[in-house]
Amino acid sequence: MVNKAVLPVAGWGTRFLPATKAIPKEMFPIIDKPVIQFIVEELISAGIEDLVFVTGRHKKPLEHHFDISPDLEVHLEQNSKDEVLKSIREISHMINPIYVKQKEQLGLGHAILTACPAVGNEPFVVALGDVILERGSENLKAMLDIFSRFKNTVVALFEVDYEETHKYGIAKVKEIDKNVYLVEDLVEKPKPEEAPSNLAAVGRYIFTPSIFETLEKIKPGKGGEYQLTDAMKLLLEKEPIYAYKVEGKVYDTGNPLDYLKTVIEFALKREDIGEELERFLLDILSKRSQQLNIS
Ligand code: UTP
């Protein structure tokens, strides 16, 4: 039974500087809900309740978000803002978080190792704090089923264009069931011509505690960081790793362009603002194409 998750949220977010100087990218809003809340909701609906956040010095806003806010609650109560008050209360009662500090940002592998004392000797989910999955809890439930079948590491994969393989950890796989694979090798950010497939790690994993021993053994890899992919490659030498190809869309909110695309897509689906946003977008796009035709 898996009921713990580690959420590494201690990265610098350099692709978003200067915005991430004081605000963690995991707290950036998708209209009015921070990215990290989508991920927390995904974990809770998949039945994972003990959440370990790996945070850094600049991540206080994230801790505040899941804490109670008595002054705000009083204000909302006095102004009869019942609906929003309910949602604010739900957030503060959503989880019982454990916060672990990653004192130096030495990479994702190091962030996960930092969570070891809080995880202990049990299997756990890792959910990256800047990736939203359209069908998050369904995918995670499918991964949990694979884990209970094989009792070994499970990694979530999704298909990317070959031109994009240099941005991801790419897996060489053998299909053993519909959307279920045995991982044969992992390559960190390969060029398209060197990529063994176009199946990329998407930021959801289920590990057994043996990942901690492997994380302790690895040396800094690409970018001088302790890479999770390197630890998983080492793990592959002694035990099998399974993979699940996720269903639905994947939203990477960790870089400005993909973040913006995510916000627009989510906003277009909203009943309160979707139609007006669509009219606005069509209007600016048609004016822009008229201008391009004139010049
Ligand atoms: P990223 O590589 O996307 O995050 O790591 P980053 O390093 O903050 O981003 P850039 O490249 O500088 O823009 C994926 C996840 O792992 C966490 C990040 O917070 C993010 O949610 N992470 C990364 C850590 O917790 N610690 C680290 O040392 C590195």
# chains A, B, ... in the order shown; residues from 1 in each chain; ligands from 1
$ residues_near_ligand --ligand "ligand 1" --cutoff "8 Å" --atoms "only C-alpha atoms and all ligand atoms" --output "MDAnalysis selection string"
chainID A and resid 7:16 24:26 54:56 102 104:112 128:131 203 225 254:255
$ write_last_selection --atoms "N, CA, C and O atoms" --output "tab-separated table (two decimals), in the first residue's frame"
chain	number	residue	atom	x	y	z
A	7	LEU	N	7.05	15.71	-2.90
A	7	LEU	CA	6.89	16.76	-3.92
A	7	LEU	C	8.12	17.65	-3.89
A	7	LEU	O	8.25	18.49	-2.98
A	8	PRO	N	9.05	17.45	-4.83
A	8	PRO	CA	10.25	18.30	-4.83
A	8	PRO	C	9.89	19.68	-5.40
A	8	PRO	O	9.50	19.79	-6.55
A	9	VAL	N	9.99	20.70	-4.56
A	9	VAL	CA	9.61	22.05	-5.01
A	9	VAL	C	10.69	23.06	-4.61
A	9	VAL	O	10.40	24.23	-4.38
A	10	ALA	N	11.94	22.59	-4.52
A	10	ALA	CA	13.00	23.46	-4.01
A	10	ALA	C	13.85	24.12	-5.09
A	10	ALA	O	14.75	24.88	-4.79
A	11	GLY	N	13.54	23.83	-6.37
A	11	GLY	CA	14.39	24.35	-7.46
A	11	GLY	C	14.36	25.87	-7.55
A	11	GLY	O	13.43	26.52	-7.05
A	12	TRP	N	15.38	26.44	-8.21
A	12	TRP	CA	15.49	27.90	-8.33
A	12	TRP	C	14.48	28.46	-9.33
A	12	TRP	O	14.14	29.64	-9.27
A	13	GLY	N	14.04	27.64	-10.27
A	13	GLY	CA	13.14	28.16	-11.31
A	13	GLY	C	13.82	29.21	-12.15
A	13	GLY	O	13.23	30.26	-12.46
A	14	THR	N	15.06	28.96	-12.57
A	14	THR	CA	15.85	30.00	-13.26
A	14	THR	C	15.22	30.42	-14.59
A	14	THR	O	15.40	31.55	-15.02
A	15	ARG	N	14.45	29.51	-15.21
A	15	ARG	CA	13.84	29.88	-16.50
A	15	ARG	C	12.77	30.94	-16.33
A	15	ARG	O	12.29	31.50	-17.30
A	16	PHE	N	12.39	31.20	-15.10
A	16	PHE	CA	11.33	32.17	-14.85
A	16	PHE	C	11.82	33.40	-14.09
A	16	PHE	O	11.01	34.18	-13.60
A	24	PRO	N	7.78	31.08	-5.62
A	24	PRO	CA	8.10	29.79	-6.25
A	24	PRO	C	7.26	29.59	-7.51
A	24	PRO	O	6.07	29.94	-7.52
A	25	LYS	N	7.86	29.00	-8.55
A	25	LYS	CA	7.08	28.79	-9.79
A	25	LYS	C	5.91	27.84	-9.51
A	25	LYS	O	4.89	27.89	-10.19
A	26	GLU	N	6.04	26.97	-8.52
A	26	GLU	CA	4.95	26.05	-8.17
A	26	GLU	C	3.74	26.79	-7.62
A	26	GLU	O	2.65	26.22	-7.51
A	54	VAL	N	9.66	18.92	-0.46
A	54	VAL	CA	11.08	19.27	-0.33
A	54	VAL	C	11.18	20.73	-0.75
A	54	VAL	O	11.01	21.06	-1.93
A	55	THR	N	11.41	21.60	0.22
A	55	THR	CA	11.37	23.04	-0.07
A	55	THR	C	12.74	23.68	0.13
A	55	THR	O	13.68	23.03	0.60
A	56	GLY	N	12.83	24.95	-0.22
A	56	GLY	CA	14.07	25.70	-0.01
A	56	GLY	C	13.76	26.98	0.73
A	56	GLY	O	12.61	27.23	1.11
A	102	GLN	N	15.73	21.38	1.52
A	102	GLN	CA	16.92	21.06	0.71
A	102	GLN	C	17.79	22.32	0.78
A	102	GLN	O	17.47	23.33	0.16
A	104	GLU	N	20.83	23.11	-0.23
A	104	GLU	CA	21.47	23.55	-1.47
A	104	GLU	C	20.72	22.90	-2.62
A	104	GLU	O	20.38	21.72	-2.54
A	105	GLN	N	20.52	23.66	-3.69
A	105	GLN	CA	19.75	23.13	-4.82
A	105	GLN	C	20.67	22.32	-5.73
A	105	GLN	O	21.21	22.81	-6.71
A	106	LEU	N	20.88	21.06	-5.35
A	106	LEU	CA	21.86	20.22	-6.05
A	106	LEU	C	21.21	19.27	-7.05
A	106	LEU	O	21.83	18.31	-7.48
A	107	GLY	N	19.96	19.52	-7.37
A	107	GLY	CA	19.31	18.69	-8.40
A	107	GLY	C	18.16	17.86	-7.86
A	107	GLY	O	18.02	17.67	-6.65
A	108	LEU	N	17.36	17.34	-8.81
A	108	LEU	CA	16.17	16.56	-8.45
A	108	LEU	C	16.52	15.31	-7.64
A	108	LEU	O	15.85	14.98	-6.66
A	109	GLY	N	17.58	14.61	-8.06
A	109	GLY	CA	18.00	13.40	-7.34
A	109	GLY	C	18.32	13.73	-5.88
A	109	GLY	O	17.87	13.04	-4.95
A	110	HIS	N	19.05	14.81	-5.67
A	110	HIS	CA	19.41	15.24	-4.32
A	110	HIS	C	18.17	15.64	-3.52
A	110	HIS	O	18.06	15.34	-2.33
A	111	ALA	N	17.22	16.30	-4.21
A	111	ALA	CA	15.98	16.72	-3.52
A	111	ALA	C	15.23	15.50	-2.98
A	111	ALA	O	14.74	15.50	-1.85
A	112	ILE	N	15.16	14.44	-3.78
A	112	ILE	CA	14.43	13.24	-3.35
A	112	ILE	C	15.17	12.57	-2.18
A	112	ILE	O	14.56	12.14	-1.20
A	128	LEU	N	6.41	15.78	-9.48
A	128	LEU	CA	7.10	17.06	-9.69
A	128	LEU	C	6.11	18.21	-9.54
A	128	LEU	O	4.98	18.13	-10.03
A	129	GLY	N	6.60	19.26	-8.90
A	129	GLY	CA	5.71	20.36	-8.52
A	129	GLY	C	5.34	21.30	-9.64
A	129	GLY	O	4.60	22.28	-9.42
A	130	ASP	N	5.82	21.08	-10.86
A	130	ASP	CA	5.50	22.03	-11.93
A	130	ASP	C	4.86	21.37	-13.16
A	130	ASP	O	4.78	21.97	-14.22
A	131	VAL	N	4.39	20.11	-13.00
A	131	VAL	CA	3.76	19.42	-14.12
A	131	VAL	C	2.33	19.02	-13.74
A	131	VAL	O	2.11	18.32	-12.75
A	203	GLY	N	7.32	13.17	-14.88
A	203	GLY	CA	7.29	13.81	-13.57
A	203	GLY	C	6.43	13.11	-12.53
A	203	GLY	O	6.07	13.69	-11.51
A	225	GLU	N	24.38	18.63	-11.57
A	225	GLU	CA	23.32	18.29	-10.60
A	225	GLU	C	23.23	16.78	-10.39
A	225	GLU	O	23.58	16.01	-11.29
A	254	GLY	N	6.79	24.79	-16.07
A	254	GLY	CA	8.09	25.25	-15.57
A	254	GLY	C	8.84	26.20	-16.48
A	254	GLY	O	9.93	26.62	-16.14
A	255	ASN	N	8.28	26.52	-17.66
A	255	ASN	CA	8.94	27.51	-18.52
A	255	ASN	C	7.87	28.47	-19.05
A	255	ASN	O	6.69	28.10	-19.15
$ residues_around --residues "Ala201 in chain A" --least-positions-apart "2" --cutoff "9 Å" --atoms "only C-alpha atoms" --output "PyMOL selection string"
chain A and resi 155-158+168-171+199+203-205
$ closest_residue --among "A:Pro29, A:Lys103, A:Ile39, A:Thr153" --to "Ser137 in chain A" --atoms "only C-alpha atoms"
A:Ile39
$ select_by_dssp --residues "range 126-273 of chain A" --states "strand (DSSP E or B)" --output "VMD selection string"
chain A and resid 126 to 127 131 to 133 154 to 159 169 to 177 180 to 188 199 to 207 242 to 245 250 to 252
$ residues_around --residues "range 258-273 of chain A" --least-positions-apart "3" --cutoff "9 Å" --atoms "only C-alpha atoms" --output "MDAnalysis selection string"
chainID A and resid 28:31 251:255 276:278
$ write_last_selection --atoms "all heavy atoms" --output "CSV table (one decimal), in the first residue's frame"
chain,number,residue,atom,x,y,z
A,28,PHE,N,2.8,29.7,-9.0
A,28,PHE,CA,2.2,30.5,-10.1
A,28,PHE,C,0.8,30.1,-10.4
A,28,PHE,O,0.4,28.9,-10.4
A,28,PHE,CB,3.0,30.3,-11.4
A,28,PHE,CG,4.3,31.1,-11.4
A,28,PHE,CD1,4.8,31.8,-10.3
A,28,PHE,CD2,5.1,31.0,-12.6
A,28,PHE,CE1,6.0,32.4,-10.4
A,28,PHE,CE2,6.3,31.7,-12.6
A,28,PHE,CZ,6.8,32.4,-11.5
A,29,PRO,N,-0.1,31.1,-10.6
A,29,PRO,CA,-1.5,30.7,-10.8
A,29,PRO,C,-1.9,30.3,-12.2
A,29,PRO,O,-1.4,30.8,-13.1
A,29,PRO,CB,-2.3,32.0,-10.4
A,29,PRO,CG,-1.3,33.1,-10.8
A,29,PRO,CD,0.1,32.5,-10.6
A,30,ILE,N,-2.7,29.2,-12.2
A,30,ILE,CA,-3.4,28.9,-13.4
A,30,ILE,C,-4.8,29.5,-13.2
A,30,ILE,O,-5.7,29.0,-12.6
A,30,ILE,CB,-3.5,27.3,-13.6
A,30,ILE,CG1,-2.2,26.7,-13.5
A,30,ILE,CG2,-4.2,27.0,-15.0
A,30,ILE,CD1,-1.2,27.1,-14.6
A,31,ILE,N,-4.8,30.8,-13.6
A,31,ILE,CA,-5.9,31.7,-13.4
A,31,ILE,C,-6.0,32.0,-11.9
A,31,ILE,O,-5.5,33.0,-11.5
A,31,ILE,CB,-7.3,31.3,-14.0
A,31,ILE,CG1,-7.1,30.9,-15.4
A,31,ILE,CG2,-8.4,32.4,-13.9
A,31,ILE,CD1,-7.8,29.7,-15.9
A,251,TYR,N,0.8,19.2,-19.0
A,251,TYR,CA,1.1,20.6,-19.0
A,251,TYR,C,2.3,20.9,-18.1
A,251,TYR,O,2.3,20.7,-16.9
A,251,TYR,CB,-0.1,21.4,-18.4
A,251,TYR,CG,-1.4,21.2,-19.1
A,251,TYR,CD1,-2.3,20.2,-18.7
A,251,TYR,CD2,-1.7,21.9,-20.3
A,251,TYR,CE1,-3.5,20.1,-19.4
A,251,TYR,CE2,-2.8,21.7,-21.0
A,251,TYR,CZ,-3.8,20.8,-20.6
A,251,TYR,OH,-4.9,20.6,-21.2
A,252,ASP,N,3.4,21.2,-18.8
A,252,ASP,CA,4.6,21.6,-18.2
A,252,ASP,C,4.6,23.1,-17.9
A,252,ASP,O,4.6,23.9,-18.8
A,252,ASP,CB,5.8,21.3,-19.1
A,252,ASP,CG,7.2,21.7,-18.5
A,252,ASP,OD1,7.2,22.2,-17.3
A,252,ASP,OD2,8.2,21.5,-19.2
A,253,THR,N,4.5,23.5,-16.6
A,253,THR,CA,4.4,24.9,-16.3
A,253,THR,C,5.7,25.5,-15.9
A,253,THR,O,5.7,26.6,-15.4
A,253,THR,CB,3.3,25.1,-15.2
A,253,THR,OG1,3.8,24.5,-14.0
A,253,THR,CG2,2.0,24.5,-15.5
A,254,GLY,N,6.8,24.8,-16.1
A,254,GLY,CA,8.1,25.2,-15.6
A,254,GLY,C,8.8,26.2,-16.5
A,254,GLY,O,9.9,26.6,-16.1
A,255,ASN,N,8.3,26.5,-17.7
A,255,ASN,CA,8.9,27.5,-18.5
A,255,ASN,C,7.9,28.5,-19.0
A,255,ASN,O,6.7,28.1,-19.2
A,255,ASN,CB,9.7,26.8,-19.7
A,255,ASN,CG,8.8,26.1,-20.6
A,255,ASN,OD1,8.1,26.8,-21.5
A,255,ASN,ND2,8.6,24.8,-20.5
A,276,GLU,N,-15.4,35.0,-23.4
A,276,GLU,CA,-14.9,36.3,-23.6
A,276,GLU,C,-13.4,36.3,-24.0
A,276,GLU,O,-13.0,37.0,-24.9
A,276,GLU,CB,-15.1,37.2,-22.4
A,276,GLU,CG,-15.1,38.6,-22.7
A,276,GLU,CD,-15.5,39.5,-21.6
A,276,GLU,OE1,-16.4,39.1,-20.8
A,276,GLU,OE2,-15.0,40.6,-21.5
A,277,LEU,N,-12.7,35.4,-23.4
A,277,LEU,CA,-11.3,35.2,-23.7
A,277,LEU,C,-11.1,34.8,-25.2
A,277,LEU,O,-10.3,35.3,-25.9
A,277,LEU,CB,-10.6,34.2,-22.8
A,277,LEU,CG,-9.1,34.0,-23.1
A,277,LEU,CD1,-8.3,35.2,-22.9
A,277,LEU,CD2,-8.5,32.8,-22.3
A,278,GLU,N,-12.0,33.9,-25.6
A,278,GLU,CA,-11.9,33.4,-27.0
A,278,GLU,C,-12.1,34.5,-27.9
A,278,GLU,O,-11.4,34.7,-28.9
A,278,GLU,CB,-12.9,32.3,-27.2
A,278,GLU,CG,-12.7,31.6,-28.5
A,278,GLU,CD,-13.6,30.3,-28.7
A,278,GLU,OE1,-14.1,29.8,-27.7
A,278,GLU,OE2,-13.7,29.9,-29.8
$ closest_atom_pairs --of "range 114-217 of chain A" --to "range 226-245 of chain A" --cutoff "8 Å" --atoms "only C-alpha atoms" --output "CSV"
residue,atom,partner,partner_atom,distance
A:Ala142,CA,A:Tyr244,CA,7.9
A:Met143,CA,A:Tyr244,CA,6.5
A:Ile146,CA,A:Tyr242,CA,7.9
A:Asn152,CA,A:Ile241,CA,6.2
A:Thr153,CA,A:Ile241,CA,5.0
A:Val154,CA,A:Tyr242,CA,4.7
A:Val155,CA,A:Ala243,CA,4.7
A:Ala156,CA,A:Tyr244,CA,5.0
A:Leu157,CA,A:Lys245,CA,4.7
A:Phe158,CA,A:Lys245,CA,5.5
A:Glu159,CA,A:Lys245,CA,7.9
A:Gly169,CA,A:Thr229,CA,6.8
A:Asn179,CA,A:Lys245,CA,5.1
A:Val180,CA,A:Tyr244,CA,4.8
A:Tyr181,CA,A:Ala243,CA,4.9
A:Leu182,CA,A:Tyr242,CA,4.6
A:Val183,CA,A:Ile241,CA,5.5
A:Glu184,CA,A:Leu236,CA,7.7
A:Asp185,CA,A:Lys233,CA,6.8
A:Leu186,CA,A:Lys233,CA,6.2
A:Val187,CA,A:Thr229,CA,7.3
A:Glu188,CA,A:Thr229,CA,6.4
A:Ile211,CA,A:Leu235,CA,7.0
A:Thr214,CA,A:Ala231,CA,5.4
A:Leu215,CA,A:Ala231,CA,5.3
A:Lys217,CA,A:Ala231,CA,7.8
$ residues_around --residues "Phe124 in chain A" --least-positions-apart "4" --cutoff "9 Å" --atoms "only C-alpha atoms" --output "PDB file with all heavy atoms, in the first residue's frame"
ATOM      1  N   VAL A   2       0.646   2.160  -0.963  1.00  0.00           N
ATOM      2  CA  VAL A   2       1.437   3.400  -1.032  1.00  0.00           C
ATOM      3  C   VAL A   2       0.567   4.542  -0.514  1.00  0.00           C
ATOM      4  O   VAL A   2      -0.522   4.765  -1.033  1.00  0.00           O
ATOM      5  CB  VAL A   2       1.852   3.697  -2.494  1.00  0.00           C
ATOM      6  CG1 VAL A   2       2.741   4.927  -2.573  1.00  0.00           C
ATOM      7  CG2 VAL A   2       2.531   2.494  -3.129  1.00  0.00           C
ATOM      8  N   ASN A   3       1.018   5.237   0.517  1.00  0.00           N
ATOM      9  CA  ASN A   3       0.241   6.419   0.917  1.00  0.00           C
ATOM     10  C   ASN A   3       1.071   7.665   1.195  1.00  0.00           C
ATOM     11  O   ASN A   3       0.580   8.628   1.764  1.00  0.00           O
ATOM     12  CB  ASN A   3      -0.739   6.131   2.071  1.00  0.00           C
ATOM     13  CG  ASN A   3      -0.085   5.394   3.189  1.00  0.00           C
ATOM     14  OD1 ASN A   3       1.113   5.550   3.372  1.00  0.00           O
ATOM     15  ND2 ASN A   3      -0.844   4.592   3.919  1.00  0.00           N
ATOM     16  N   LYS A   4       2.355   7.632   0.739  1.00  0.00           N
ATOM     17  CA  LYS A   4       3.184   8.831   0.894  1.00  0.00           C
ATOM     18  C   LYS A   4       3.592   9.366  -0.467  1.00  0.00           C
ATOM     19  O   LYS A   4       3.782   8.584  -1.406  1.00  0.00           O
ATOM     20  CB  LYS A   4       4.467   8.472   1.640  1.00  0.00           C
ATOM     21  CG  LYS A   4       4.376   8.711   3.110  1.00  0.00           C
ATOM     22  CD  LYS A   4       5.701   8.647   3.809  1.00  0.00           C
ATOM     23  CE  LYS A   4       5.410   8.741   5.299  1.00  0.00           C
ATOM     24  NZ  LYS A   4       6.425   8.129   6.111  1.00  0.00           N
ATOM     25  N   ALA A   5       3.740  10.673  -0.542  1.00  0.00           N
ATOM     26  CA  ALA A   5       4.284  11.265  -1.776  1.00  0.00           C
ATOM     27  C   ALA A   5       5.323  12.317  -1.424  1.00  0.00           C
ATOM     28  O   ALA A   5       5.198  13.006  -0.397  1.00  0.00           O
ATOM     29  CB  ALA A   5       3.184  11.901  -2.599  1.00  0.00           C
ATOM     30  N   VAL A   6       6.340  12.395  -2.255  1.00  0.00           N
ATOM     31  CA  VAL A   6       7.361  13.440  -2.127  1.00  0.00           C
ATOM     32  C   VAL A   6       7.138  14.440  -3.258  1.00  0.00           C
ATOM     33  O   VAL A   6       7.014  14.046  -4.423  1.00  0.00           O
ATOM     34  CB  VAL A   6       8.776  12.830  -2.218  1.00  0.00           C
ATOM     35  CG1 VAL A   6       9.840  13.916  -2.292  1.00  0.00           C
ATOM     36  CG2 VAL A   6       9.030  11.893  -1.028  1.00  0.00           C
ATOM     37  N   VAL A 119      10.372   9.853   4.656  1.00  0.00           N
ATOM     38  CA  VAL A 119       9.680   8.759   3.950  1.00  0.00           C
ATOM     39  C   VAL A 119       9.837   7.444   4.706  1.00  0.00           C
ATOM     40  O   VAL A 119       8.889   6.685   4.868  1.00  0.00           O
ATOM     41  CB  VAL A 119      10.218   8.613   2.497  1.00  0.00           C
ATOM     42  CG1 VAL A 119       9.670   7.357   1.842  1.00  0.00           C
ATOM     43  CG2 VAL A 119       9.865   9.834   1.676  1.00  0.00           C
ATOM     44  N   TYR A 205       6.419   9.289 -10.471  1.00  0.00           N
ATOM     45  CA  TYR A 205       7.154   8.043 -10.250  1.00  0.00           C
ATOM     46  C   TYR A 205       6.587   7.361  -9.018  1.00  0.00           C
ATOM     47  O   TYR A 205       6.056   8.018  -8.125  1.00  0.00           O
ATOM     48  CB  TYR A 205       8.634   8.323  -9.960  1.00  0.00           C
ATOM     49  CG  TYR A 205       9.322   9.246 -10.940  1.00  0.00           C
ATOM     50  CD1 TYR A 205       9.197  10.632 -10.833  1.00  0.00           C
ATOM     51  CD2 TYR A 205      10.121   8.729 -11.958  1.00  0.00           C
ATOM     52  CE1 TYR A 205       9.842  11.485 -11.731  1.00  0.00           C
ATOM     53  CE2 TYR A 205      10.772   9.575 -12.855  1.00  0.00           C
ATOM     54  CZ  TYR A 205      10.618  10.950 -12.732  1.00  0.00           C
ATOM     55  OH  TYR A 205      11.259  11.785 -13.618  1.00  0.00           O
ATOM     56  N   ILE A 206       6.763   6.022  -8.967  1.00  0.00           N
ATOM     57  CA  ILE A 206       6.554   5.317  -7.696  1.00  0.00           C
ATOM     58  C   ILE A 206       7.850   4.569  -7.433  1.00  0.00           C
ATOM     59  O   ILE A 206       8.329   3.811  -8.300  1.00  0.00           O
ATOM     60  CB  ILE A 206       5.365   4.331  -7.749  1.00  0.00           C
ATOM     61  CG1 ILE A 206       4.091   5.081  -8.165  1.00  0.00           C
ATOM     62  CG2 ILE A 206       5.162   3.671  -6.375  1.00  0.00           C
ATOM     63  CD1 ILE A 206       2.883   4.177  -8.389  1.00  0.00           C
ATOM     64  N   PHE A 207       8.442   4.819  -6.263  1.00  0.00           N
ATOM     65  CA  PHE A 207       9.721   4.191  -5.925  1.00  0.00           C
ATOM     66  C   PHE A 207       9.585   3.309  -4.693  1.00  0.00           C
ATOM     67  O   PHE A 207       8.732   3.558  -3.828  1.00  0.00           O
ATOM     68  CB  PHE A 207      10.772   5.268  -5.605  1.00  0.00           C
ATOM     69  CG  PHE A 207      11.245   6.040  -6.798  1.00  0.00           C
ATOM     70  CD1 PHE A 207      10.993   7.407  -6.893  1.00  0.00           C
ATOM     71  CD2 PHE A 207      11.943   5.421  -7.823  1.00  0.00           C
ATOM     72  CE1 PHE A 207      11.426   8.132  -7.992  1.00  0.00           C
ATOM     73  CE2 PHE A 207      12.383   6.137  -8.929  1.00  0.00           C
ATOM     74  CZ  PHE A 207      12.124   7.490  -9.011  1.00  0.00           C
ATOM     75  N   THR A 208      10.478   2.323  -4.603  1.00  0.00           N
ATOM     76  CA  THR A 208      10.652   1.607  -3.342  1.00  0.00           C
ATOM     77  C   THR A 208      11.809   2.313  -2.624  1.00  0.00           C
ATOM     78  O   THR A 208      12.552   3.073  -3.253  1.00  0.00           O
ATOM     79  CB  THR A 208      11.015   0.125  -3.585  1.00  0.00           C
ATOM     80  OG1 THR A 208      12.313   0.086  -4.155  1.00  0.00           O
ATOM     81  CG2 THR A 208      10.019  -0.569  -4.510  1.00  0.00           C
ATOM     82  N   PRO A 209      11.991   2.065  -1.319  1.00  0.00           N
ATOM     83  CA  PRO A 209      13.073   2.774  -0.613  1.00  0.00           C
ATOM     84  C   PRO A 209      14.464   2.491  -1.193  1.00  0.00           C
ATOM     85  O   PRO A 209      15.407   3.219  -0.870  1.00  0.00           O
ATOM     86  CB  PRO A 209      12.963   2.248   0.827  1.00  0.00           C
ATOM     87  CG  PRO A 209      11.624   1.657   0.938  1.00  0.00           C
ATOM     88  CD  PRO A 209      11.199   1.216  -0.416  1.00  0.00           C
TER      89      PRO A 209
END
$ residues_around --residues "Arg89 in chain A" --least-positions-apart "6" --cutoff "10 Å" --atoms "only C-alpha atoms" --output "VMD selection string"
chain A and resid 66 to 70 73
$ select_by_dssp --residues "range 50-294 of chain A" --states "alpha helix (DSSP H)" --output "VMD selection string"
chain A and resid 60 to 65 70 to 78 82 to 94 108 to 114 116 to 119 136 to 150 210 to 217 228 to 236 256 to 268 274 to 294
$ residues_around --residues "range 42-50 of chain A" --least-positions-apart "5" --cutoff "9 Å" --atoms "only C-alpha atoms" --output "list in words"
Val2, Asn3, Lys4, Ala5, Val6, Gln37, Met94, Ile95, Asn96, Pro97, Ile98, Val125, Ala127, Ile132, Leu133, Arg135, Gly136, Ser137, Glu138, Asn139, Leu140, Lys141 and Leu144 of chain A
$ write_last_selection --atoms "N, CA and C atoms" --output "compact mmCIF listing (two decimals), in the first residue's frame"
# COMPACT_ATOMS: atom_id res chain seq x y z
N VAL A 2 0.65 2.16 -0.96
CA VAL A 2 1.44 3.40 -1.03
C VAL A 2 0.57 4.54 -0.51
N ASN A 3 1.02 5.24 0.52
CA ASN A 3 0.24 6.42 0.92
C ASN A 3 1.07 7.66 1.19
N LYS A 4 2.36 7.63 0.74
CA LYS A 4 3.18 8.83 0.89
C LYS A 4 3.59 9.37 -0.47
N ALA A 5 3.74 10.67 -0.54
CA ALA A 5 4.28 11.27 -1.78
C ALA A 5 5.32 12.32 -1.42
N VAL A 6 6.34 12.39 -2.25
CA VAL A 6 7.36 13.44 -2.13
C VAL A 6 7.14 14.44 -3.26
N GLN A 37 -1.44 23.26 -6.22
CA GLN A 37 -2.72 22.77 -5.71
C GLN A 37 -3.34 21.71 -6.63
N MET A 94 -6.84 20.43 3.57
CA MET A 94 -6.64 19.43 2.53
C MET A 94 -5.58 18.39 2.91
N ILE A 95 -4.49 18.89 3.50
CA ILE A 95 -3.35 17.98 3.76
C ILE A 95 -2.72 18.27 5.12
N ASN A 96 -1.97 17.29 5.59
CA ASN A 96 -1.12 17.46 6.76
C ASN A 96 0.31 17.40 6.26
N PRO A 97 0.86 18.53 5.83
CA PRO A 97 2.14 18.46 5.13
C PRO A 97 3.34 18.30 6.05
N ILE A 98 4.37 17.67 5.51
CA ILE A 98 5.68 17.66 6.17
C ILE A 98 6.60 18.45 5.25
N VAL A 125 5.33 7.85 -3.79
CA VAL A 125 5.15 8.52 -5.09
C VAL A 125 6.07 9.73 -5.12
N ALA A 127 6.01 13.32 -7.19
CA ALA A 127 5.23 14.13 -8.14
C ALA A 127 5.93 15.48 -8.29
N ILE A 132 1.36 19.48 -14.54
CA ILE A 132 -0.04 19.12 -14.30
C ILE A 132 -0.45 18.10 -15.35
N LEU A 133 -1.10 17.02 -14.94
CA LEU A 133 -1.61 16.04 -15.90
C LEU A 133 -3.12 16.20 -16.00
N ARG A 135 -5.38 14.10 -16.82
CA ARG A 135 -6.10 13.02 -16.14
C ARG A 135 -5.22 12.46 -15.03
N GLY A 136 -4.81 13.40 -14.15
CA GLY A 136 -3.80 13.10 -13.14
C GLY A 136 -4.11 11.93 -12.24
N SER A 137 -5.28 11.97 -11.56
CA SER A 137 -5.52 10.92 -10.57
C SER A 137 -5.77 9.57 -11.24
N GLU A 138 -6.42 9.58 -12.43
CA GLU A 138 -6.63 8.31 -13.16
C GLU A 138 -5.29 7.66 -13.51
N ASN A 139 -4.36 8.51 -14.01
CA ASN A 139 -3.05 7.98 -14.39
C ASN A 139 -2.29 7.45 -13.16
N LEU A 140 -2.38 8.22 -12.07
CA LEU A 140 -1.67 7.79 -10.87
C LEU A 140 -2.26 6.49 -10.32
N LYS A 141 -3.58 6.36 -10.39
CA LYS A 141 -4.22 5.11 -9.93
C LYS A 141 -3.74 3.94 -10.79
N LEU A 144 -0.37 3.03 -9.63
CA LEU A 144 -0.42 2.33 -8.33
C LEU A 144 -0.81 0.86 -8.55
$ closest_residue --among "A:Ser87, A:Gln78, A:Ser210, A:Ser197" --to "Gly120 in chain A" --atoms "only C-alpha atoms"
A:Ser210
$ closest_residue --among "A:Leu282, A:Pro192, A:Phe147, A:Glu134" --to "Asp161 in chain A" --atoms "only C-alpha atoms"
A:Pro192
$ atom_distance --atom1 "CA of Asp177 in chain A" --atom2 "CA of Met1 in chain A"
22.3 Å
